[in-house]
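Here is the structure we will look at.
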Amino acid sequence: MQLHADRADVQMVTGYGPGWVAIDKKEHSGSVLLGASGFLRPWNCSNFASLTAQHFVELAELNAELIIFGSGDKLRFVHPSWLQALMQKRIGFETMDTHAACRTYNVLAAEGRNVIAALLLE
């Protein structure tokens with residue numbers, strides 16, 4: 001699916017499909033973390049089963065207002081105890097499938113929100 005950005009001054013998801021995501025028209029095939037301000041890095045998890053509590057501690061260290069977690073090709077939830085570090089820092093956390101997370105991230109980034117998308121690509 002192709003997505004079109006409303007604003008040129010934020011980093012946006014411009015397309016996605018099975019196992020890939022395009023960020024500002026550059027395709028990525030592994031799981032990624034991205035933020036509107038240009039933050040982009042690989043996320044060291046290859047599938048939902050490889051996630052651990054430490055992945056969410058790392059997300060808390062990013063000090064975002066909100067984390068959008070794309071759980072892969074279907075909606076899956078992590079154990080609530082894994083979100084403790086985020087709750088302690090009062091960081092919002094929303095789970096959805098990765099395609100919905102891409103769309104939601106774009107809306108929030110375009111609004112100028114301090115949002116990070118943690119996108120699991122399987």
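Lettering and numbering for the structure tokens are positional, with chains as A, B, ... in the shown order, residues counted from 1 in each chain, and ligands counted from 1 in the shown order.
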Run DSSP on the backbone of this structure and report the residues of chain A it assigns to alpha helix (DSSP H), as an mmCIF file with N, CA and C atoms, in the first residue's frame.
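So out09.cif came out as:
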```cif
data_model
loop_
_atom_site.group_PDB
_atom_site.id
_atom_site.type_symbol
_atom_site.label_atom_id
_atom_site.label_comp_id
_atom_site.auth_asym_id
_atom_site.auth_seq_id
_atom_site.Cartn_x
_atom_site.Cartn_y
_atom_site.Cartn_z
ATOM 1 N N ALA A 53 11.098 -8.599 27.618
ATOM 2 C CA ALA A 53 10.856 -7.394 28.409
ATOM 3 C C ALA A 53 11.916 -6.331 28.124
ATOM 4 N N GLN A 54 13.138 -6.739 27.837
ATOM 5 C CA GLN A 54 14.222 -5.792 27.573
ATOM 6 C C GLN A 54 13.925 -4.907 26.357
ATOM 7 N N HIS A 55 13.241 -5.432 25.364
ATOM 8 C CA HIS A 55 12.869 -4.613 24.203
ATOM 9 C C HIS A 55 12.039 -3.403 24.632
ATOM 10 N N PHE A 56 11.197 -3.575 25.639
ATOM 11 C CA PHE A 56 10.319 -2.500 26.082
ATOM 12 C C PHE A 56 11.017 -1.558 27.054
ATOM 13 N N VAL A 57 12.033 -2.045 27.764
ATOM 14 C CA VAL A 57 12.895 -1.171 28.560
ATOM 15 C C VAL A 57 13.630 -0.225 27.611
ATOM 16 N N GLU A 58 14.120 -0.753 26.490
ATOM 17 C CA GLU A 58 14.798 0.077 25.487
ATOM 18 C C GLU A 58 13.861 1.138 24.927
ATOM 19 N N LEU A 59 12.600 0.780 24.702
ATOM 20 C CA LEU A 59 11.636 1.767 24.209
ATOM 21 C C LEU A 59 11.428 2.888 25.227
ATOM 22 N N ALA A 60 11.401 2.554 26.506
ATOM 23 C CA ALA A 60 11.212 3.565 27.552
ATOM 24 C C ALA A 60 12.365 4.560 27.571
ATOM 25 N N GLN A 84 6.227 -2.245 32.272
ATOM 26 C CA GLN A 84 6.478 -1.542 33.525
ATOM 27 C C GLN A 84 7.377 -0.324 33.339
ATOM 28 N N ALA A 85 8.451 -0.445 32.595
ATOM 29 C CA ALA A 85 9.373 0.684 32.392
ATOM 30 C C ALA A 85 8.674 1.848 31.706
ATOM 31 N N LEU A 86 7.783 1.556 30.766
ATOM 32 C CA LEU A 86 7.026 2.612 30.090
ATOM 33 C C LEU A 86 6.050 3.278 31.058
ATOM 34 N N MET A 87 5.376 2.480 31.864
ATOM 35 C CA MET A 87 4.413 3.031 32.831
ATOM 36 C C MET A 87 5.113 3.917 33.862
ATOM 37 N N GLN A 88 6.297 3.500 34.303
ATOM 38 C CA GLN A 88 7.035 4.295 35.292
ATOM 39 C C GLN A 88 7.383 5.672 34.754
ATOM 40 N N THR A 98 0.954 -4.188 12.511
ATOM 41 C CA THR A 98 1.948 -3.266 11.973
ATOM 42 C C THR A 98 1.372 -2.332 10.920
ATOM 43 N N HIS A 99 0.479 -2.796 10.078
ATOM 44 C CA HIS A 99 -0.088 -1.906 9.054
ATOM 45 C C HIS A 99 -0.892 -0.783 9.691
ATOM 46 N N ALA A 100 -1.697 -1.097 10.696
ATOM 47 C CA ALA A 100 -2.450 -0.059 11.408
ATOM 48 C C ALA A 100 -1.492 0.882 12.138
ATOM 49 N N ALA A 101 -0.412 0.336 12.684
ATOM 50 C CA ALA A 101 0.576 1.161 13.382
ATOM 51 C C ALA A 101 1.222 2.165 12.427
ATOM 52 N N CYS A 102 1.492 1.753 11.196
ATOM 53 C CA CYS A 102 2.064 2.672 10.198
ATOM 54 C C CYS A 102 1.122 3.843 9.945
ATOM 55 N N ARG A 103 -0.138 3.545 9.740
ATOM 56 C CA ARG A 103 -1.123 4.595 9.465
ATOM 57 C C ARG A 103 -1.291 5.525 10.675
ATOM 58 N N THR A 104 -1.377 4.946 11.869
ATOM 59 C CA THR A 104 -1.563 5.743 13.084
ATOM 60 C C THR A 104 -0.348 6.618 13.354
ATOM 61 N N TYR A 105 0.839 6.045 13.190
ATOM 62 C CA TYR A 105 2.073 6.817 13.354
ATOM 63 C C TYR A 105 2.056 8.044 12.437
ATOM 64 N N ASN A 106 1.693 7.862 11.175
ATOM 65 C CA ASN A 106 1.689 8.987 10.238
ATOM 66 C C ASN A 106 0.770 10.105 10.693
ATOM 67 N N VAL A 107 -0.406 9.758 11.170
ATOM 68 C CA VAL A 107 -1.357 10.777 11.641
ATOM 69 C C VAL A 107 -0.761 11.544 12.823
ATOM 70 N N LEU A 108 -0.227 10.815 13.803
ATOM 71 C CA LEU A 108 0.319 11.466 14.995
ATOM 72 C C LEU A 108 1.577 12.271 14.685
ATOM 73 N N ALA A 109 2.436 11.747 13.820
ATOM 74 C CA ALA A 109 3.648 12.478 13.438
ATOM 75 C C ALA A 109 3.282 13.775 12.710
ATOM 76 N N ALA A 110 2.286 13.714 11.838
ATOM 77 C CA ALA A 110 1.850 14.901 11.102
ATOM 78 C C ALA A 110 1.268 15.964 12.041
#
```
Worksheet entry | Selected residue of minimal separation from Val13 of chain A among A:Leu75, A:Met96, A:Asn47, A:Leu119, counting only C-alpha atoms | A:Leu119
Practice prompt. Record the distance separating atom CA of Pro80 of chain A and atom CA of Leu34 of chain A, expressed in Å with one decimal.
Written response: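 Atom-to-atom, atom CA of Pro80 of chain A and atom CA of Leu34 of chain A are spaced 22.8 Å apart.
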Practice prompt. Please provide as a ChimeraX atom specification all residues within 9 Å of Ala64 of chain A, with the sequence filter that same-chain residues fewer than 4 positions apart are discarded (counting only C-alpha atoms).
Written response: /A:35,59-60,91-92,113-116
Item to complete: Mind giving me the straight-line distance from atom CA of Gly15 of chain A to atom CA of Leu51 of chain A in Å, one decimal?
Response: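 Taking atom CA of Gly15 of chain A and atom CA of Leu51 of chain A, their separation equals 24.3 Å.
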If we count only C-alpha atoms, what is near Asp24 of chain A at a cut-off of 8 Å, once residues fewer than 2 positions away on the same chain are taken out, given as a PDB file with all heavy atoms, in the first residue's frame?
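The resulting out25.pdb:
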```pdb
ATOM      1  N   GLN A  11       9.397  12.686   9.351  1.00  0.00           N
ATOM      2  CA  GLN A  11       9.673  11.368   8.778  1.00  0.00           C
ATOM      3  C   GLN A  11       8.382  10.552   8.753  1.00  0.00           C
ATOM      4  O   GLN A  11       7.709  10.435   9.772  1.00  0.00           O
ATOM      5  CB  GLN A  11      10.729  10.682   9.641  1.00  0.00           C
ATOM      6  CG  GLN A  11      11.172   9.348   9.146  1.00  0.00           C
ATOM      7  CD  GLN A  11      12.393   8.893   9.893  1.00  0.00           C
ATOM      8  OE1 GLN A  11      13.453   8.862   9.323  1.00  0.00           O
ATOM      9  NE2 GLN A  11      12.267   8.565  11.159  1.00  0.00           N
ATOM     10  N   MET A  12       8.029  10.019   7.589  1.00  0.00           N
ATOM     11  CA  MET A  12       6.754   9.333   7.425  1.00  0.00           C
ATOM     12  C   MET A  12       6.941   7.946   6.818  1.00  0.00           C
ATOM     13  O   MET A  12       7.893   7.689   6.093  1.00  0.00           O
ATOM     14  CB  MET A  12       5.841  10.138   6.498  1.00  0.00           C
ATOM     15  CG  MET A  12       5.562  11.562   6.957  1.00  0.00           C
ATOM     16  SD  MET A  12       4.617  11.653   8.456  1.00  0.00           S
ATOM     17  CE  MET A  12       2.978  11.562   7.800  1.00  0.00           C
ATOM     18  N   VAL A  13       5.972   7.077   7.110  1.00  0.00           N
ATOM     19  CA  VAL A  13       5.878   5.787   6.441  1.00  0.00           C
ATOM     20  C   VAL A  13       5.179   6.047   5.113  1.00  0.00           C
ATOM     21  O   VAL A  13       4.075   6.583   5.080  1.00  0.00           O
ATOM     22  CB  VAL A  13       5.078   4.766   7.283  1.00  0.00           C
ATOM     23  CG1 VAL A  13       4.904   3.458   6.525  1.00  0.00           C
ATOM     24  CG2 VAL A  13       5.757   4.531   8.624  1.00  0.00           C
ATOM     25  N   THR A  14       5.837   5.703   4.023  1.00  0.00           N
ATOM     26  CA  THR A  14       5.288   5.996   2.691  1.00  0.00           C
ATOM     27  C   THR A  14       4.783   4.754   1.970  1.00  0.00           C
ATOM     28  O   THR A  14       4.217   4.860   0.888  1.00  0.00           O
ATOM     29  CB  THR A  14       6.329   6.718   1.822  1.00  0.00           C
ATOM     30  OG1 THR A  14       7.556   5.986   1.837  1.00  0.00           O
ATOM     31  CG2 THR A  14       6.585   8.132   2.350  1.00  0.00           C
ATOM     32  N   ALA A  22       8.379   1.154   3.894  1.00  0.00           N
ATOM     33  CA  ALA A  22       9.126   2.247   3.279  1.00  0.00           C
ATOM     34  C   ALA A  22       8.989   3.475   4.164  1.00  0.00           C
ATOM     35  O   ALA A  22       7.877   3.866   4.532  1.00  0.00           O
ATOM     36  CB  ALA A  22       8.614   2.540   1.878  1.00  0.00           C
ATOM     37  N   LYS A  26      12.236   5.024   1.299  1.00  0.00           N
ATOM     38  CA  LYS A  26      13.353   4.074   1.340  1.00  0.00           C
ATOM     39  C   LYS A  26      12.861   2.801   2.016  1.00  0.00           C
ATOM     40  O   LYS A  26      12.381   2.834   3.151  1.00  0.00           O
ATOM     41  CB  LYS A  26      14.536   4.653   2.107  1.00  0.00           C
ATOM     42  CG  LYS A  26      15.723   3.724   2.105  1.00  0.00           C
ATOM     43  CD  LYS A  26      16.922   4.327   2.778  1.00  0.00           C
ATOM     44  CE  LYS A  26      18.057   3.331   2.696  1.00  0.00           C
ATOM     45  NZ  LYS A  26      18.957   3.408   3.802  1.00  0.00           N
TER      46      LYS A  26
END
```
Fill in: Point-to-point distance from atom CA of Val21 of chain A to atom CA of Leu33 of chain A, Å rounded to tenths
11.3 Å
Fill in: Expected answer as a PyMOL selection string: strand (DSSP E or B) residues in chain A
chain A and resi 2+13-17+20-23+26-28+32-35+40-42+66-70+92-96+115-119
Item to complete: Find the residues near Phe93 of chain A: any atom within 9 Å, counting only C-alpha atoms, skip ones fewer than 5 places away on the same chain, and give them as a ChimeraX atom specification.
Response: /A:65-69,83,86-87
Worksheet item: Which neighbours of Phe48 of chain A fall inside 8 Å, counting only C-alpha atoms, when residues of the same chain fewer than 2 positions from it are skipped, and could you give them as a list of chain:residue names?
Response: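 That gives A:Cys45, A:Ser46, A:Ser50, A:Leu51, A:Ser71, A:Gly72, A:Leu120.
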